[in-house]
Amino acid sequence: MKRILALTKVVFKVSLQSMGFEQLFGNNKGKSKTKKILQKLLGVFLLLYLLAILFIPTNFAIRELNNIGQVSLSLNLLFTVAPALILFFTILSVPGVLYFAKDIESYLPLPFEAWEITFAKFVTSYLQSLMTVFFFFIPVFINYMIIAKPAILFIFFAILASLIIPMIPLAIAFLVIVIIMRFVPFLRNKDLFIYISTGLVFIPIFIIIFFANGSDFDSTTVKRVVESLLAMDDNTFRSFSLFLPTSRWLSIAEVDSNFLYILLSLGVSLITCALAIFIAQPLYFAGAIGLNEQSSKKRSLRLNELDKETKVKSFSKSFLVYDLKHILRTPTFAINYLSTIVIIPLMMALPALMKLDIISLIQNDLGIVRTTFNVYFNSIEFFDQVAITILVAMTVGIYASNFEASSSTAISREGKDLKTYLTFPIKFSEIVHAKAKLSLILASIIPVVITLTAIVVLGPNLLTLFIFLVFLILSMILTTYVSLLMDIMYPKLEWNTEQEAVKGNFIQIMVILPFMFVPILLILLYSTLPAIVSSIIFIVAIPALVYFLIKLTTSLANTRLVKKVQNL
């Protein structure tokens with residue numbers, strides 16, 4: 001047993017290093033004691049900050065459910081959605097633990113049996129999945145205890161349920177990854193496999209959407225739900241369950257303090273995990289040994305193709321194209337930067353589209369929506385129109401730029417390769433501006449779709465559309481250059497894997513997360529001041545701030561960043 005625990009500890013430590021957590025909480029040899037303490041305090045602050053962000057909306061949601069007498073429905077929803085979320089994240093993390101940690105061949109000469117190594121890898125993946133559970137469950141449980149005031153035994157059942165809920169999703173992800181690595185030979189190329197396995201994260205999204213849209217309850221169930229809502233008896237949750245029976249069992253166990261349902265959920269989950277490990281064990285090593293890092297193909301260029309490849313372009317355009325190709329050719333970069341551009345709109349749009357009758361909407365509802373909007377919008381004061389348009393544009397632009405995360409590690413992802421550019425007759429500010437342009441192009445995908453939809457559906461006047469577009473662009477530039485500025489000031493240029501480059505620089509979280517609340521602050525400003533005052537502040541301050549950030553970023557790129565690169 002000690003041997004297995006020691007092996008699991010080593011495997012887990014390797015996985016933390018590959019994710020960049022070691023650099024936040026590790027010993028970091030060579031750093032002073034003060035810096036180590038400050039780094040750990042920063043890590044604790046970030047964790048608390050993340051929990052606080054989840055705590056506030058969770059508190060609001062549970063209070064609203066409590067007002068209608070259905071507070072326990074919050075636990076049911078948590079245990080219903082959690083397995084799909086865990087499956088989402090484990091499909092992304094399991095390949096790194098199983099195949100790309102570069103440690104499997106180090107364990108083979110040691111006196112470990114095959115099942116012990118497989119078990120250690122599974123437990124490591126399980127511990128990683130508990131991190132996901134930690135962030136989503138703690139705010140819900142704390143708010144539930146504050147609002148519903150359950151018995152003290154609730155804490156005991158909450159801990160047990162949190163340990164049980166990730167088991168089945170992890171077993172599914174573990175088994176799926178091992179099987180496709182064993183029986184699909186061309187996926188033994190690391191880069192290709194990362195792209196394919198990442199595509200699997202759409203499975204839980206489609207599961208949620210499918211069941212959410214296909215869950216037509218029979219009349220008895222509907223009647224029971226309606227009666228529970230009218231009686232406010234807190235029993236609505238007993239009628240709901242999605243695709244895992246353990247979700248319903250655990251929510252009942254939590255509310256009723258029913259240990260039998262905990263044992264039933266634990267038994268089913270342990271059996272599922274044991275089967276997954278048993279089936280995966282003989283398949284895992286055949287897929288893990290000799291895994292290629294990447295593939296490369298040579299091709300001969302015709303003379304006209306060579307001329308096209310070597311044609312002189314502006315540096316900004318050339319570097320932008322190079323940077324885009326670099327992202328697309330590096331799966332870790334592509335997944336971290338581009339997946340949200342696809343996944344988030346898909347999650348928002350699919351539920352509506354699956355139930356939407358487009359023809360009926362165009363014939364009957366589009367005109368009503370447009371008329372209602374124009375009547376309301378034209379009825380408010382001119383400066384209210386201006387302020388509201390600016391607020392909507394700023395919100396769309398800031399969130400779109402935050403979803404597209406390439407600017408937050410634009411400098412860090414170059415790593416030590418930046419030193420090469422010291423010998424080029426270019427300024428580092430040119431590199432930074434080229435990266436800014438690429439980030440803005442990528443971030444504009446969602447706003448373009450939203451803008452075109454708004455034009456078709458709402459039919460705004462030209463002045464409103466002009467104001468919206470100007471401040472949409474300004475907000476995206478603002479967010480992009482703040483992220484670039486932080487990456488210039490605190491770049492992470494020394495890394496061993498691409499995952500460390502995009503996940504290891506936790507300073508970027510201090511940019512991304514606060515920006516999620518900027519629209520709220522702007523709305524508070526608008527609601528506090530007269531519309532004319534807030535409009536003037538927006539019109540003057542935002543362009544001035546954007547100009548200042550661009551100038552500051554340019555200056556620091558040519559001074560501070562150059563010094564950092566020279567000292568590599």
# chains A, B, ... in the order shown; residues from 1 in each chain; ligands from 1
call {"tool": "residues_around", "arguments": {"residues": "Ile138 of chain A", "least_positions_apart": "5", "cutoff": "9 Å", "atoms": "only C-alpha atoms", "output": "JSON list (two decimals) with N, CA, C and O atoms, in the first residue's frame"}}
result
[["chain", "number", "residue", "atom", "x", "y", "z"],
["A", 51, "LEU", "N", -13.50, 31.80, -5.69],
["A", 51, "LEU", "CA", -14.65, 31.35, -4.92],
["A", 51, "LEU", "C", -15.65, 32.48, -4.70],
["A", 51, "LEU", "O", -16.86, 32.28, -4.73],
["A", 55, "PHE", "N", -19.48, 32.72, -5.52],
["A", 55, "PHE", "CA", -20.33, 32.80, -4.32],
["A", 55, "PHE", "C", -21.49, 33.76, -4.52],
["A", 55, "PHE", "O", -22.62, 33.47, -4.12],
["A", 133, "VAL", "N", -14.55, 20.03, -8.61],
["A", 133, "VAL", "CA", -15.63, 19.91, -7.62],
["A", 133, "VAL", "C", -15.48, 20.99, -6.55],
["A", 133, "VAL", "O", -16.46, 21.60, -6.12],
["A", 143, "ASN", "N", -23.56, 28.65, 0.76],
["A", 143, "ASN", "CA", -24.78, 29.44, 0.63],
["A", 143, "ASN", "C", -26.01, 28.66, 1.08],
["A", 143, "ASN", "O", -26.93, 29.23, 1.70]]
call {"tool": "residues_around", "arguments": {"residues": "Ala544 of chain A", "least_positions_apart": "5", "cutoff": "12 Å", "atoms": "only C-alpha atoms", "output": "PyMOL selection string"}}
result
chain A and resi 474-475+478+537-539+549-551
call {"tool": "atom_distance", "arguments": {"atom1": "atom CA of Ile446 of chain A", "atom2": "atom CA of Asp487 of chain A"}}
result
23.9 Å
call {"tool": "closest_residue", "arguments": {"among": "A:Phe373, A:Phe515, A:Phe285, A:Phe468", "to": "Ile398 of chain A", "atoms": "only C-alpha atoms"}}
result
A:Phe515
call {"tool": "residues_around", "arguments": {"residues": "Ser534 of chain A", "least_positions_apart": "6", "cutoff": "10 Å", "atoms": "only C-alpha atoms", "output": "list in words"}}
result
Phe383, Asp384, Val386, Ala387, Leu522, Ile523, Leu525, Tyr526, Ser527, Thr528 and Val540 of chain A
call {"tool": "residues_around", "arguments": {"residues": "segment 447-456 of chain A", "least_positions_apart": "6", "cutoff": "12 Å", "atoms": "only C-alpha atoms", "output": "ChimeraX atom specification"}}
result
/A:341,345,349,362,366-367,369-370,373,392-401,403-404,440-441,462,464-466,468-469,471-473,475-476
call {"tool": "residues_around", "arguments": {"residues": "segment 264-277 of chain A", "least_positions_apart": "4", "cutoff": "8 Å", "atoms": "only C-alpha atoms", "output": "VMD selection string"}}
result
chain A and resid 115 118 to 119 122 164 167 to 168 170 to 172 174 to 175 246 249 to 250 260 281
call {"tool": "write_last_selection", "arguments": {"atoms": "N, CA, C and O atoms", "output": "JSON list (two decimals), in the first residue's frame"}}
result
[["chain", "number", "residue", "atom", "x", "y", "z"],
["A", 115, "TRP", "N", -1.12, -2.83, -12.99],
["A", 115, "TRP", "CA", -2.35, -2.29, -12.40],
["A", 115, "TRP", "C", -2.04, -1.17, -11.41],
["A", 115, "TRP", "O", -2.84, -0.25, -11.23],
["A", 118, "THR", "N", -1.49, 2.00, -13.49],
["A", 118, "THR", "CA", -2.78, 2.44, -14.00],
["A", 118, "THR", "C", -3.63, 3.04, -12.88],
["A", 118, "THR", "O", -4.28, 4.07, -13.06],
["A", 119, "PHE", "N", -3.60, 2.37, -11.72],
["A", 119, "PHE", "CA", -4.36, 2.87, -10.57],
["A", 119, "PHE", "C", -3.85, 4.23, -10.12],
["A", 119, "PHE", "O", -4.65, 5.13, -9.81],
["A", 122, "PHE", "N", -5.09, 6.82, -12.44],
["A", 122, "PHE", "CA", -6.52, 7.07, -12.24],
["A", 122, "PHE", "C", -6.75, 7.94, -11.02],
["A", 122, "PHE", "O", -7.54, 8.89, -11.05],
["A", 164, "ILE", "N", -17.86, 11.52, -4.07],
["A", 164, "ILE", "CA", -18.47, 10.48, -4.90],
["A", 164, "ILE", "C", -18.79, 10.98, -6.31],
["A", 164, "ILE", "O", -18.59, 10.25, -7.29],
["A", 167, "MET", "N", -16.65, 10.37, -9.68],
["A", 167, "MET", "CA", -16.12, 9.03, -9.99],
["A", 167, "MET", "C", -16.61, 8.50, -11.33],
["A", 167, "MET", "O", -15.81, 8.06, -12.18],
["A", 168, "ILE", "N", -17.91, 8.53, -11.57],
["A", 168, "ILE", "CA", -18.44, 7.97, -12.82],
["A", 168, "ILE", "C", -18.02, 8.78, -14.04],
["A", 168, "ILE", "O", -17.58, 8.20, -15.05],
["A", 170, "LEU", "N", -15.32, 10.49, -14.41],
["A", 170, "LEU", "CA", -13.91, 10.21, -14.60],
["A", 170, "LEU", "C", -13.71, 8.83, -15.21],
["A", 170, "LEU", "O", -12.88, 8.65, -16.12],
["A", 171, "ALA", "N", -14.45, 7.84, -14.74],
["A", 171, "ALA", "CA", -14.33, 6.48, -15.30],
["A", 171, "ALA", "C", -14.67, 6.47, -16.78],
["A", 171, "ALA", "O", -14.00, 5.81, -17.59],
["A", 172, "ILE", "N", -15.71, 7.23, -17.17],
["A", 172, "ILE", "CA", -16.09, 7.30, -18.58],
["A", 172, "ILE", "C", -14.98, 7.95, -19.40],
["A", 172, "ILE", "O", -14.56, 7.41, -20.44],
["A", 174, "PHE", "N", -11.77, 8.31, -18.66],
["A", 174, "PHE", "CA", -10.57, 7.47, -18.59],
["A", 174, "PHE", "C", -10.65, 6.34, -19.61],
["A", 174, "PHE", "O", -9.71, 6.09, -20.36],
["A", 175, "LEU", "N", -11.79, 5.67, -19.63],
["A", 175, "LEU", "CA", -11.95, 4.52, -20.52],
["A", 175, "LEU", "C", -11.99, 4.95, -21.98],
["A", 175, "LEU", "O", -11.37, 4.31, -22.85],
["A", 246, "THR", "N", -27.07, 8.58, -9.91],
["A", 246, "THR", "CA", -26.40, 9.02, -8.69],
["A", 246, "THR", "C", -26.68, 10.49, -8.38],
["A", 246, "THR", "O", -26.62, 10.90, -7.22],
["A", 249, "TRP", "N", -29.86, 10.43, -6.36],
["A", 249, "TRP", "CA", -29.61, 9.77, -5.08],
["A", 249, "TRP", "C", -28.85, 10.69, -4.12],
["A", 249, "TRP", "O", -29.18, 10.77, -2.95],
["A", 250, "LEU", "N", -27.83, 11.36, -4.64],
["A", 250, "LEU", "CA", -27.01, 12.21, -3.77],
["A", 250, "LEU", "C", -27.77, 13.45, -3.30],
["A", 250, "LEU", "O", -27.60, 13.89, -2.16],
["A", 260, "LEU", "N", -28.38, 5.62, 3.33],
["A", 260, "LEU", "CA", -28.58, 4.50, 2.40],
["A", 260, "LEU", "C", -28.30, 4.94, 0.97],
["A", 260, "LEU", "O", -27.65, 4.21, 0.20],
["A", 281, "GLN", "N", -6.52, -1.32, -18.09],
["A", 281, "GLN", "CA", -5.16, -1.76, -17.76],
["A", 281, "GLN", "C", -4.43, -2.45, -18.91],
["A", 281, "GLN", "O", -3.31, -2.06, -19.25]]
call {"tool": "atom_distance", "arguments": {"atom1": "atom CA of Ser407 of chain A", "atom2": "atom CA of Met489 of chain A"}}
result
13.3 Å
call {"tool": "atom_distance", "arguments": {"atom1": "atom CA of Ala280 of chain A", "atom2": "atom CA of Met131 of chain A"}}
result
23.6 Å
call {"tool": "closest_residue", "arguments": {"among": "A:Val375, A:Ala6, A:Val432, A:Ile159", "to": "Thr124 of chain A", "atoms": "only C-alpha atoms"}}
result
A:Ala6
